[in-house]
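Visitor: For reference, the structure I am asking about is given below.
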Amino acid sequence: MKDAISFADTLFLLMEDFEYTIMELEDDIFSLLRDEFQLTLNEENKNCYFILESPNLSQDIKLSVERTEYDGEEFFLVSSVKVA
């Protein structure tokens, strides 16, 4: 089992300042985690975030994102990654 805090820190360093489609985000997470996971998009009061759940992590991880759209395709800019 991986320590969620260390994994969240690593994830943020790699994802900071990059815009992702959901598929690209899932691919990058899988390349780091190398295990099954679930990524769920949530929205509260116009704030978007993903919850990353995996049996290989000690805790769930919250990825706060900013949603944007270019040429009809949706992208997410990761603004913070923390243990949920």
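Identifiers in the structure tokens: chain A, B, ... in order shown; residue index from 1 per chain; ligand index from 1 in order shown.
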Would you list the contacts of Met1 of chain A as a list in words, taking every protein, DNA or RNA residue within 8 Å and counting only C-alpha atoms, but skipping same-chain residues closer than 5 positions in sequence?
Guide: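 Those residues are Pro55, Asn56, Leu57 and Ser58 of chain A.
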Visitor: With N, CA, C and O atoms retained, export the selected residues as a PDB file, in the first residue's frame.
Guide:
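Written output follows (result-v3.pdb):
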```
ATOM      1  N   PRO A  55      -7.485   0.831  -3.842  1.00  0.00           N
ATOM      2  CA  PRO A  55      -7.162  -0.048  -2.719  1.00  0.00           C
ATOM      3  C   PRO A  55      -5.670  -0.034  -2.399  1.00  0.00           C
ATOM      4  O   PRO A  55      -5.259  -0.496  -1.341  1.00  0.00           O
ATOM      5  N   ASN A  56      -4.873   0.531  -3.304  1.00  0.00           N
ATOM      6  CA  ASN A  56      -3.429   0.586  -3.102  1.00  0.00           C
ATOM      7  C   ASN A  56      -2.971   1.880  -2.420  1.00  0.00           C
ATOM      8  O   ASN A  56      -1.787   2.073  -2.210  1.00  0.00           O
ATOM      9  N   LEU A  57      -3.909   2.765  -2.077  1.00  0.00           N
ATOM     10  CA  LEU A  57      -3.571   4.010  -1.373  1.00  0.00           C
ATOM     11  C   LEU A  57      -4.119   3.962   0.046  1.00  0.00           C
ATOM     12  O   LEU A  57      -5.217   3.456   0.277  1.00  0.00           O
ATOM     13  N   SER A  58      -3.366   4.524   0.977  1.00  0.00           N
ATOM     14  CA  SER A  58      -3.788   4.516   2.374  1.00  0.00           C
ATOM     15  C   SER A  58      -5.007   5.406   2.616  1.00  0.00           C
ATOM     16  O   SER A  58      -5.740   5.193   3.581  1.00  0.00           O
TER      17      SER A  58
END
```
Visitor: DSSP on the backbone: what in chain A comes out strand (DSSP E or B), as an NGL selection string?
Guide: :A and (2 or 19-20 or 38-44 or 47-53 or 57 or 61-70 or 73-83)
Visitor: Hey, can you spit out that residue selection with C-alpha atoms as an mmCIF file, in the first residue's frame?
Guide:
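Ended up saving to out16.cif:
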```
data_model
loop_
_atom_site.group_PDB
_atom_site.id
_atom_site.type_symbol
_atom_site.label_atom_id
_atom_site.label_comp_id
_atom_site.auth_asym_id
_atom_site.auth_seq_id
_atom_site.Cartn_x
_atom_site.Cartn_y
_atom_site.Cartn_z
ATOM 1 C CA LYS A 2 1.293 3.448 -0.926
ATOM 2 C CA GLU A 19 -4.082 20.929 -18.773
ATOM 3 C CA TYR A 20 -5.542 17.424 -19.053
ATOM 4 C CA GLN A 38 -11.523 5.118 -9.560
ATOM 5 C CA LEU A 39 -11.526 8.799 -10.510
ATOM 6 C CA THR A 40 -14.791 10.631 -9.803
ATOM 7 C CA LEU A 41 -15.511 14.206 -10.901
ATOM 8 C CA ASN A 42 -17.514 16.306 -8.413
ATOM 9 C CA GLU A 43 -18.708 19.893 -8.506
ATOM 10 C CA GLU A 44 -19.740 22.018 -5.521
ATOM 11 C CA ASN A 47 -15.650 24.318 -7.650
ATOM 12 C CA CYS A 48 -14.545 21.158 -9.469
ATOM 13 C CA TYR A 49 -12.483 18.342 -8.053
ATOM 14 C CA PHE A 50 -11.707 14.700 -8.657
ATOM 15 C CA ILE A 51 -11.639 12.072 -5.921
ATOM 16 C CA LEU A 52 -9.036 9.383 -6.559
ATOM 17 C CA GLU A 53 -9.793 6.092 -4.823
ATOM 18 C CA LEU A 57 -3.571 4.010 -1.373
ATOM 19 C CA ILE A 61 -6.889 11.848 -2.772
ATOM 20 C CA LYS A 62 -8.646 15.047 -3.833
ATOM 21 C CA LEU A 63 -7.464 16.802 -7.000
ATOM 22 C CA SER A 64 -8.878 20.337 -7.198
ATOM 23 C CA VAL A 65 -9.173 21.434 -10.821
ATOM 24 C CA GLU A 66 -10.209 24.350 -12.970
ATOM 25 C CA ARG A 67 -12.399 23.362 -15.901
ATOM 26 C CA THR A 68 -11.895 24.946 -19.328
ATOM 27 C CA GLU A 69 -12.912 24.226 -22.892
ATOM 28 C CA TYR A 70 -11.037 24.601 -26.190
ATOM 29 C CA GLU A 73 -13.035 19.641 -25.835
ATOM 30 C CA GLU A 74 -13.027 19.821 -22.033
ATOM 31 C CA PHE A 75 -9.720 20.221 -20.155
ATOM 32 C CA PHE A 76 -8.810 20.334 -16.475
ATOM 33 C CA LEU A 77 -5.966 22.295 -14.884
ATOM 34 C CA VAL A 78 -4.906 20.734 -11.575
ATOM 35 C CA SER A 79 -4.646 23.480 -8.938
ATOM 36 C CA SER A 80 -4.002 21.328 -5.853
ATOM 37 C CA VAL A 81 -3.669 17.701 -4.792
ATOM 38 C CA LYS A 82 -4.405 16.758 -1.186
ATOM 39 C CA VAL A 83 -5.410 13.783 0.901
#
```
Visitor: In Å, rounded to a single decimal, give me how far atom CA of Thr10 of chain A is from atom CA of Asp28 of chain A.
Guide: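 So the answer is 11.7 Å.
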Visitor: Could you check the closest approach to Ser31 of chain A for each of A:Leu11, A:Ser6, A:Gln59, A:Gly72 and tell me which residue wins, using only C-alpha atoms?
Guide: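 That would be A:Leu11, the residue with the smallest distance to Ser31 of chain A.
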Visitor: By how many Å are atom CA of Leu33 of chain A and atom CA of Phe7 of chain A apart?
Guide: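 Value for the atom CA of Leu33 of chain A-atom CA of Phe7 of chain A distance: 8.4 Å.
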Visitor: Output as a list of chain:residue names all residues of chain A that backbone DSSP marks as helix (DSSP H, G or I).
Guide: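 Helix (DSSP H, G or I) assignments inside chain A correspond to A:Ala4, A:Ile5, A:Ser6, A:Phe7, A:Ala8, A:Asp9, A:Thr10, A:Leu11, A:Phe12, A:Leu13, A:Leu14, A:Met15, A:Ile22, A:Met23, A:Glu24, A:Leu25, A:Glu26, A:Asp27, A:Asp28, A:Ile29, A:Phe30, A:Ser31, A:Leu32, A:Leu33.
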Visitor: For the selection just defined, write its residues with N, CA and C atoms to a file, as a PDB file, in the first residue's frame.
Guide:
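The resulting file, part22.pdb, is reproduced below:
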```
ATOM      1  N   ALA A   4      -0.624   7.795   0.969  1.00  0.00           N
ATOM      2  CA  ALA A   4      -1.415   8.746   0.177  1.00  0.00           C
ATOM      3  C   ALA A   4      -0.800  10.145   0.175  1.00  0.00           C
ATOM      4  N   ILE A   5      -0.228  10.574   1.273  1.00  0.00           N
ATOM      5  CA  ILE A   5       0.344  11.918   1.340  1.00  0.00           C
ATOM      6  C   ILE A   5       1.540  12.043   0.397  1.00  0.00           C
ATOM      7  N   SER A   6       2.432  11.077   0.408  1.00  0.00           N
ATOM      8  CA  SER A   6       3.587  11.097  -0.498  1.00  0.00           C
ATOM      9  C   SER A   6       3.148  11.009  -1.952  1.00  0.00           C
ATOM     10  N   PHE A   7       2.156  10.157  -2.214  1.00  0.00           N
ATOM     11  CA  PHE A   7       1.663  10.006  -3.573  1.00  0.00           C
ATOM     12  C   PHE A   7       1.013  11.305  -4.052  1.00  0.00           C
ATOM     13  N   ALA A   8       0.247  11.966  -3.189  1.00  0.00           N
ATOM     14  CA  ALA A   8      -0.396  13.235  -3.543  1.00  0.00           C
ATOM     15  C   ALA A   8       0.651  14.304  -3.860  1.00  0.00           C
ATOM     16  N   ASP A   9       1.712  14.369  -3.065  1.00  0.00           N
ATOM     17  CA  ASP A   9       2.785  15.333  -3.321  1.00  0.00           C
ATOM     18  C   ASP A   9       3.445  15.090  -4.668  1.00  0.00           C
ATOM     19  N   THR A  10       3.752  13.842  -4.969  1.00  0.00           N
ATOM     20  CA  THR A  10       4.369  13.481  -6.248  1.00  0.00           C
ATOM     21  C   THR A  10       3.436  13.795  -7.404  1.00  0.00           C
ATOM     22  N   LEU A  11       2.178  13.454  -7.243  1.00  0.00           N
ATOM     23  CA  LEU A  11       1.180  13.700  -8.275  1.00  0.00           C
ATOM     24  C   LEU A  11       1.083  15.188  -8.592  1.00  0.00           C
ATOM     25  N   PHE A  12       1.068  16.025  -7.558  1.00  0.00           N
ATOM     26  CA  PHE A  12       0.957  17.463  -7.784  1.00  0.00           C
ATOM     27  C   PHE A  12       2.184  18.018  -8.496  1.00  0.00           C
ATOM     28  N   LEU A  13       3.362  17.567  -8.113  1.00  0.00           N
ATOM     29  CA  LEU A  13       4.575  18.045  -8.777  1.00  0.00           C
ATOM     30  C   LEU A  13       4.571  17.720 -10.266  1.00  0.00           C
ATOM     31  N   LEU A  14       4.048  16.563 -10.617  1.00  0.00           N
ATOM     32  CA  LEU A  14       4.013  16.163 -12.022  1.00  0.00           C
ATOM     33  C   LEU A  14       2.888  16.834 -12.805  1.00  0.00           C
ATOM     34  N   MET A  15       1.802  17.168 -12.146  1.00  0.00           N
ATOM     35  CA  MET A  15       0.621  17.677 -12.840  1.00  0.00           C
ATOM     36  C   MET A  15       0.480  19.191 -12.807  1.00  0.00           C
ATOM     37  N   ILE A  22      -9.808  14.152 -19.386  1.00  0.00           N
ATOM     38  CA  ILE A  22      -9.991  13.104 -18.372  1.00  0.00           C
ATOM     39  C   ILE A  22      -9.164  11.871 -18.723  1.00  0.00           C
ATOM     40  N   MET A  23      -9.118  11.512 -20.000  1.00  0.00           N
ATOM     41  CA  MET A  23      -8.351  10.332 -20.407  1.00  0.00           C
ATOM     42  C   MET A  23      -6.855  10.518 -20.128  1.00  0.00           C
ATOM     43  N   GLU A  24      -6.317  11.679 -20.400  1.00  0.00           N
ATOM     44  CA  GLU A  24      -4.897  11.941 -20.132  1.00  0.00           C
ATOM     45  C   GLU A  24      -4.615  11.903 -18.634  1.00  0.00           C
ATOM     46  N   LEU A  25      -5.523  12.442 -17.851  1.00  0.00           N
ATOM     47  CA  LEU A  25      -5.383  12.421 -16.398  1.00  0.00           C
ATOM     48  C   LEU A  25      -5.356  10.986 -15.888  1.00  0.00           C
ATOM     49  N   GLU A  26      -6.274  10.159 -16.379  1.00  0.00           N
ATOM     50  CA  GLU A  26      -6.308   8.754 -15.972  1.00  0.00           C
ATOM     51  C   GLU A  26      -5.038   8.017 -16.388  1.00  0.00           C
ATOM     52  N   ASP A  27      -4.536   8.294 -17.581  1.00  0.00           N
ATOM     53  CA  ASP A  27      -3.310   7.644 -18.052  1.00  0.00           C
ATOM     54  C   ASP A  27      -2.117   7.988 -17.166  1.00  0.00           C
ATOM     55  N   ASP A  28      -1.972   9.265 -16.812  1.00  0.00           N
ATOM     56  CA  ASP A  28      -0.845   9.675 -15.973  1.00  0.00           C
ATOM     57  C   ASP A  28      -0.949   9.095 -14.562  1.00  0.00           C
ATOM     58  N   ILE A  29      -2.143   9.062 -14.014  1.00  0.00           N
ATOM     59  CA  ILE A  29      -2.322   8.469 -12.686  1.00  0.00           C
ATOM     60  C   ILE A  29      -1.984   6.985 -12.727  1.00  0.00           C
ATOM     61  N   PHE A  30      -2.454   6.278 -13.750  1.00  0.00           N
ATOM     62  CA  PHE A  30      -2.155   4.853 -13.848  1.00  0.00           C
ATOM     63  C   PHE A  30      -0.656   4.609 -13.977  1.00  0.00           C
ATOM     64  N   SER A  31       0.044   5.456 -14.725  1.00  0.00           N
ATOM     65  CA  SER A  31       1.484   5.247 -14.899  1.00  0.00           C
ATOM     66  C   SER A  31       2.236   5.408 -13.576  1.00  0.00           C
ATOM     67  N   LEU A  32       1.702   6.197 -12.666  1.00  0.00           N
ATOM     68  CA  LEU A  32       2.329   6.359 -11.345  1.00  0.00           C
ATOM     69  C   LEU A  32       1.864   5.298 -10.349  1.00  0.00           C
ATOM     70  N   LEU A  33       0.582   5.027 -10.350  1.00  0.00           N
ATOM     71  CA  LEU A  33       0.006   4.135  -9.347  1.00  0.00           C
ATOM     72  C   LEU A  33       0.198   2.665  -9.692  1.00  0.00           C
TER      73      LEU A  33
END
```
